[in-house]
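Comments concern the structure below.
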Amino acid sequence: MIEFHLDSHSGVAAYLQLVQQVKQALRLGRLQVGDQLPTVREAVAQITINPNTVLKAYRELEREGLVESRPGQGTFVQRTLAGTSLSSHAPLRRSLVRWLHSASEAGLDNESVLALFMSTFQDTQNEHEETA
Amino acid sequence: MSTALETTKLSKRYGRTWALQDCTLSLPAGRVAALIGPNGAGKTTLLHLAVGLLEPTAGEVQAFGLSPLRQPGEALPRLGFVAQDTPLYKGFTVAELLTLGRKLNPGFDDALARARMQKLGIPLNRRAGKLSGGQQAQVALVLALAKRPDLLLLDEPLSSLDPLARREFLRTLMDAVAESGLTVLLSSHIIGDLERVCDYLVILSASQVQLAGDMQEIQRTHKRLIGPRQDEAALASVHTVIEASHTDRQTTLLVRTNGPLFAPSWEVQEVSMEDMVLAYLSQQAGDRVQAPPSAREQDGREVFQ
C-alpha cells in the first residue's frame with residue numbers, strides 16, 4: 001500500500017499530484033500488478049482531501065489502463081510502468097548531455113540553462129493541454 | 001447534475017445598507033464549495049438566507065428546489081448549519097447535546113454521532129464548555145452531520161482554530177463527504193486551508209458574487225502575464241483583465257482567459273489560488289471604500305475579527 005502526500009504550493013492540481021505519485025510508484029516498482037490503492041476514505045484520512053479529487057485521480061489512472069476499479073472491493077493496479085520507461089532513460093540522458101554541452105558552448109550559465117529548460121517544458125505542457 | 005443550492009437575484013437590506021445584492025448562484029449537488037470573501041462581504045447573510053434564518057428583501061433562494069422559508073417542513077430536514085464560532089450549550093455534556101440533537105431532529109443518527117465522538121476521543125460525560133476549541137468545533141460538526149443533511153452550510157468554521165485543529169476538522173468533514181456524498185458550502189475570509197478540500201469556489205465581495213465555478217476550471221483559466229510595458233486594451237477585448245500593474249518597462253496582468261490565449265509578447269505564468277482570490281477582492285476595494293462605513297459592519301457577526 002502506498003501513502004499519498006500533497007503539496008499545496010506546487011501549483012500542480014491535487015488530482016494530478018495523486019496521479020503522478022501512483023505513476024512514480026509504478027515506475028520505481030513500489031506498486032506492482034495486483035496491488036490495491038488506498039480506498040477513497042483511506043486517502044481522505046491520510047491527506048485531508050476532497051474525495052472527488054481522489055475519485056478523479058483514480059478515473060484518470062483507469063482511463064490510462066493502469067488501474068482497474070472493482071466495485072465493492074477497491075482499486076487495483078493492472079499494469080506497471082517499470083521496465084518500459086527505464087530502458088529509454090539511457091539514450092534520453094545521452095541526448096540531454098549533448099544538449100547541455102552545446103548550451104555551455106553557447107555561453108549559457110547554469111541558471112540560464114534551467115530557465116530555458118523550464119520555460120520550454122512549460123510551453124510544451126501548455127500546448128499539450130490546449131490540444132488535449 | 002442536480003442543484004443543491006440556487007439563488008436568484010437574492011438581496012438583503014438592513015436599513016439603507018445592502019448586505020447582499022442580486023446574488024445569483026447555482027451550486028451543483030455533491031460539491032464542496034468555498035465561499036470566500038472579506039469580513040462584511042455578506043457571507044453570513046447568504047448562509048442565513050439559505051437556511052431560512054433571514055427573510056430576503058428581494059429575490060429567491062432554494063435548496064433542492066425547496067424554499068427554506070415557505071417549505072420549512074420539507075427543506076429544513078435536508079439542511080445542516082453550523083453557525084460562526086460553532087456555538088454549543090456550554091453547560092451541557094456531550095451526551096446531553098446528543099440527546100438534544102436526537103429530540104429536535106427526527107432523522108438524527110445517534111449511532112453515527114457516538115461513533116464519530118469516540119473516534120475523535122471526545123468524552124461523552126465532559127461539559128461542552130470544558131472541551132478545547134478544536135473539540136468544541138468537532139462536536140458542533142458531528143451534531144450537524146448526525147442530522148444526515150444533504151447540504152451542510154458552515155459559517156467560518158476554521159477561523160478560531162489552530163492549524164492542527166483545522167486539519168482535523170476538515171478531515172472529519174471530508175470523511176463525511178466520502179461516506180455520504182453530501183454537498184458542503186463553507187465560508188472563510190481566506191482560501192488557505194480550503195484549497196485542498198474544495199472543488200468549487202464562490203468569491204463574494206462588496207455584497208455581490210464576483211466569481212463562481214469549478215475550482216480546477218478557475219485555476220486553468222486564470223493566468224499571470226508578464227511583458228514589456230504595453231496597453232492591455234488588445235488583450236482585454238478577448239480576455240478579462242482582473243488586475244493590471246505597470247512599471248516604466250514592464251506590465252503585469254492577471255487575466256481570466258475566455259478561450260485560447262495567443263500572447264506571444266507575454267510570458268505566461270500560473271497563478272496561485274490565493275493570489276487570484278486576492279486580485280478579485282482588491283478589484284472591489286475601491287467600491288468598498290466608497291460604501292458607507294456601516295456597509296462593512298452590516299453583519300455584526302463578522303465585525304469583531
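Residue names in the C-alpha cells use chain letters A, B, ... in the order shown, residue numbers from 1 in each chain, and ligand numbers from 1 in the order shown.
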Report the closest atom pair, with its distance in Å rounded to one decimal, for each residue of range 186-293 of chain B that has an atom no farther than 10 Å from range 112-123 of chain A; count only C-alpha atoms, sort by chain and then rising residue number, and write it as a tab-separated table.
residue	atom	partner	partner_atom	distance
B:Glu267	CA	A:Ser119	CA	9.1
B:Val268	CA	A:Asp123	CA	9.0
B:Gln269	CA	A:Gln122	CA	9.0
B:Glu270	CA	A:Gln122	CA	10.0
Could you list the residues in chain B lying within 6 Å of chain A, using only C-alpha atoms, and format the result as a PyMOL selection string?
-> chain B and resi 171+174+178+196-197
Go ahead and save the residues from that selection, with N, CA, C and O atoms, as a CSV table (one decimal), in the first residue's frame.
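Saved file result26.csv follows:
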chain,number,residue,atom,x,y,z
B,171,ARG,N,-10.7,17.0,8.1
B,171,ARG,CA,-10.7,15.6,7.9
B,171,ARG,C,-12.0,14.9,8.2
B,171,ARG,O,-12.5,14.1,7.5
B,174,MET,N,-14.4,15.8,5.4
B,174,MET,CA,-14.2,15.1,4.2
B,174,MET,C,-14.5,13.7,4.3
B,174,MET,O,-15.0,13.1,3.3
B,178,ALA,N,-17.0,11.7,1.9
B,178,ALA,CA,-16.7,10.4,1.2
B,178,ALA,C,-17.7,9.4,1.5
B,178,ALA,O,-18.1,8.6,0.7
B,196,ARG,N,-7.3,22.5,-0.6
B,196,ARG,CA,-7.1,21.1,-0.8
B,196,ARG,C,-8.4,20.3,-0.7
B,196,ARG,O,-8.5,19.2,-1.1
B,197,VAL,N,-9.4,20.9,0.0
B,197,VAL,CA,-10.7,20.2,0.2
B,197,VAL,C,-11.8,20.7,-0.7
B,197,VAL,O,-12.8,20.0,-0.8
Give me the residues within 9 Å of Leu88 in chain B as a list in words, counting only C-alpha atoms and dropping any in the same chain fewer than 5 places off.
-> Leu97, Ala128, Gly129, Gln136, Ala137, Val139 and Ala140 of chain B
Can you list, as a ChimeraX atom specification, every protein, DNA or RNA residue that comes within 8 Å of range 68-76 of chain A when you count only C-alpha atoms, leaving out same-chain residues fewer than 2 positions away?
-> /A:33-39,58,62,65-66,78
Output for the residues just chosen: N, CA and C atoms as a PDB file, in the first residue's frame:
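File selection_7.pdb, as written:
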ATOM      1  N   VAL A  33       1.573  -5.041 -10.149  1.00  0.00           N
ATOM      2  CA  VAL A  33       0.284  -5.521 -10.643  1.00  0.00           C
ATOM      3  C   VAL A  33      -0.429  -6.308  -9.546  1.00  0.00           C
ATOM      4  N   GLY A  34      -1.700  -5.956  -9.325  1.00  0.00           N
ATOM      5  CA  GLY A  34      -2.485  -6.647  -8.306  1.00  0.00           C
ATOM      6  C   GLY A  34      -2.552  -5.894  -6.983  1.00  0.00           C
ATOM      7  N   ASP A  35      -1.610  -4.956  -6.767  1.00  0.00           N
ATOM      8  CA  ASP A  35      -1.630  -4.184  -5.521  1.00  0.00           C
ATOM      9  C   ASP A  35      -2.867  -3.298  -5.464  1.00  0.00           C
ATOM     10  N   GLN A  36      -3.337  -3.066  -4.239  1.00  0.00           N
ATOM     11  CA  GLN A  36      -4.503  -2.210  -4.071  1.00  0.00           C
ATOM     12  C   GLN A  36      -4.068  -0.785  -3.737  1.00  0.00           C
ATOM     13  N   LEU A  37      -4.741   0.180  -4.324  1.00  0.00           N
ATOM     14  CA  LEU A  37      -4.513   1.583  -3.967  1.00  0.00           C
ATOM     15  C   LEU A  37      -5.336   1.893  -2.717  1.00  0.00           C
ATOM     16  N   PRO A  38      -4.953   2.950  -1.976  1.00  0.00           N
ATOM     17  CA  PRO A  38      -5.772   3.315  -0.812  1.00  0.00           C
ATOM     18  C   PRO A  38      -7.223   3.536  -1.247  1.00  0.00           C
ATOM     19  N   THR A  39      -8.177   3.143  -0.401  1.00  0.00           N
ATOM     20  CA  THR A  39      -9.568   3.455  -0.715  1.00  0.00           C
ATOM     21  C   THR A  39      -9.744   4.970  -0.608  1.00  0.00           C
ATOM     22  N   TYR A  58      -8.257   8.519  -9.677  1.00  0.00           N
ATOM     23  CA  TYR A  58      -8.388   7.094  -9.968  1.00  0.00           C
ATOM     24  C   TYR A  58      -9.033   6.875 -11.342  1.00  0.00           C
ATOM     25  N   GLU A  62      -7.420   4.954 -14.418  1.00  0.00           N
ATOM     26  CA  GLU A  62      -8.189   3.879 -15.033  1.00  0.00           C
ATOM     27  C   GLU A  62      -8.268   4.098 -16.548  1.00  0.00           C
ATOM     28  N   GLY A  65      -5.489   2.936 -18.291  1.00  0.00           N
ATOM     29  CA  GLY A  65      -5.316   1.489 -18.236  1.00  0.00           C
ATOM     30  C   GLY A  65      -4.328   1.022 -17.178  1.00  0.00           C
ATOM     31  N   LEU A  66      -3.992   1.874 -16.233  1.00  0.00           N
ATOM     32  CA  LEU A  66      -3.003   1.497 -15.227  1.00  0.00           C
ATOM     33  C   LEU A  66      -3.643   0.786 -14.040  1.00  0.00           C
ATOM     34  N   GLN A  78      -3.217  -2.597 -12.539  1.00  0.00           N
ATOM     35  CA  GLN A  78      -3.426  -3.529 -13.637  1.00  0.00           C
ATOM     36  C   GLN A  78      -2.180  -3.640 -14.519  1.00  0.00           C
TER      37      GLN A  78
END
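Computed from the coordinates, the CA of Ala244 in chain B to CA of Gly192 in chain B distance equals 23.6 Å.
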Measuring atom to atom with only C-alpha atoms, identify which of B:Leu98, B:Leu145, B:Ala111, B:Ile36 is nearest to Gly80 in chain B.
-> B:Leu145
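Backbone DSSP of chain A yields strand (DSSP E or B) at Gln36, Val67, Glu68, Ser69, Arg70, Gly74, Thr75, Phe76 and Val77 of chain A.
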Skipping near chain neighbours, those fewer than 4 positions away, what residues fall within 12 Å of Arg102 in chain B using only C-alpha atoms, listed as a ChimeraX atom specification?
-> /B:95-98,106-114,143-144,146-148
Write out as a PyMOL selection string each polymer residue whose atoms come within 7 Å of Leu26 in chain A, counting only C-alpha atoms; drop sequence neighbours fewer than 6 positions from it.
-> chain A and resi 32+80-82
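Note that the spacing between CA of Asp231 in chain B and CA of Pro260 in chain B amounts to 19.8 Å.
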Hey, what's within 10 Å of range 94-100 of chain A if we count only C-alpha atoms and toss same-chain stuff fewer than 5 positions away? As a PyMOL selection string, please?
-> chain A and resi 89+105-106+108+110+113
Can those selected residues be exported to a file as a compact mmCIF listing (two decimals), in the first residue's frame so that it contains N, CA and C atoms?
# COMPACT_ATOMS: atom_id res chain seq x y z
N HIS A 89 15.61 5.50 -20.65
CA HIS A 89 16.30 6.56 -19.92
C HIS A 89 17.70 6.83 -20.47
N GLU A 105 28.62 25.54 -24.49
CA GLU A 105 29.46 26.13 -25.55
C GLU A 105 28.87 27.46 -26.02
N ALA A 106 27.53 27.56 -26.00
CA ALA A 106 26.88 28.80 -26.42
C ALA A 106 26.97 29.89 -25.35
N LEU A 108 25.77 29.70 -22.06
CA LEU A 108 24.71 29.75 -21.04
C LEU A 108 25.25 29.29 -19.69
N ASN A 110 24.48 28.05 -15.60
CA ASN A 110 23.56 27.03 -15.08
C ASN A 110 22.12 27.54 -14.97
N VAL A 113 20.40 27.83 -18.24
CA VAL A 113 20.03 26.51 -18.76
C VAL A 113 18.73 26.05 -18.12
Quick one: of B:Ala279, B:Ala176, B:Leu53, B:Leu186, who's nearest to Leu154 in chain B, counting only C-alpha atoms?
->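 Closest to Leu154 in chain B, using only C-alpha atoms: B:Leu186.
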Which parts of range 40-276 of chain B does DSSP call alpha helix (DSSP H) when run on the backbone here, written out as an NGL selection string?
-> :B and (43-50 or 72-75 or 94-104 or 110-119 or 133-146 or 163-180 or 215-221 or 233-236 or 273-276)
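Of the residues under consideration (B:Ala58, B:Leu35, B:Leu182, B:Ile226), B:Ala58 shows the shortest atom-to-atom contact distance to Arg13 in chain B when counting only C-alpha atoms.
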What is the distance, in Å and to one decimal place, between CA of Arg256 in chain B and CA of Ser282 in chain B?
->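 Value for the CA of Arg256 in chain B-CA of Ser282 in chain B distance: 15.4 Å.
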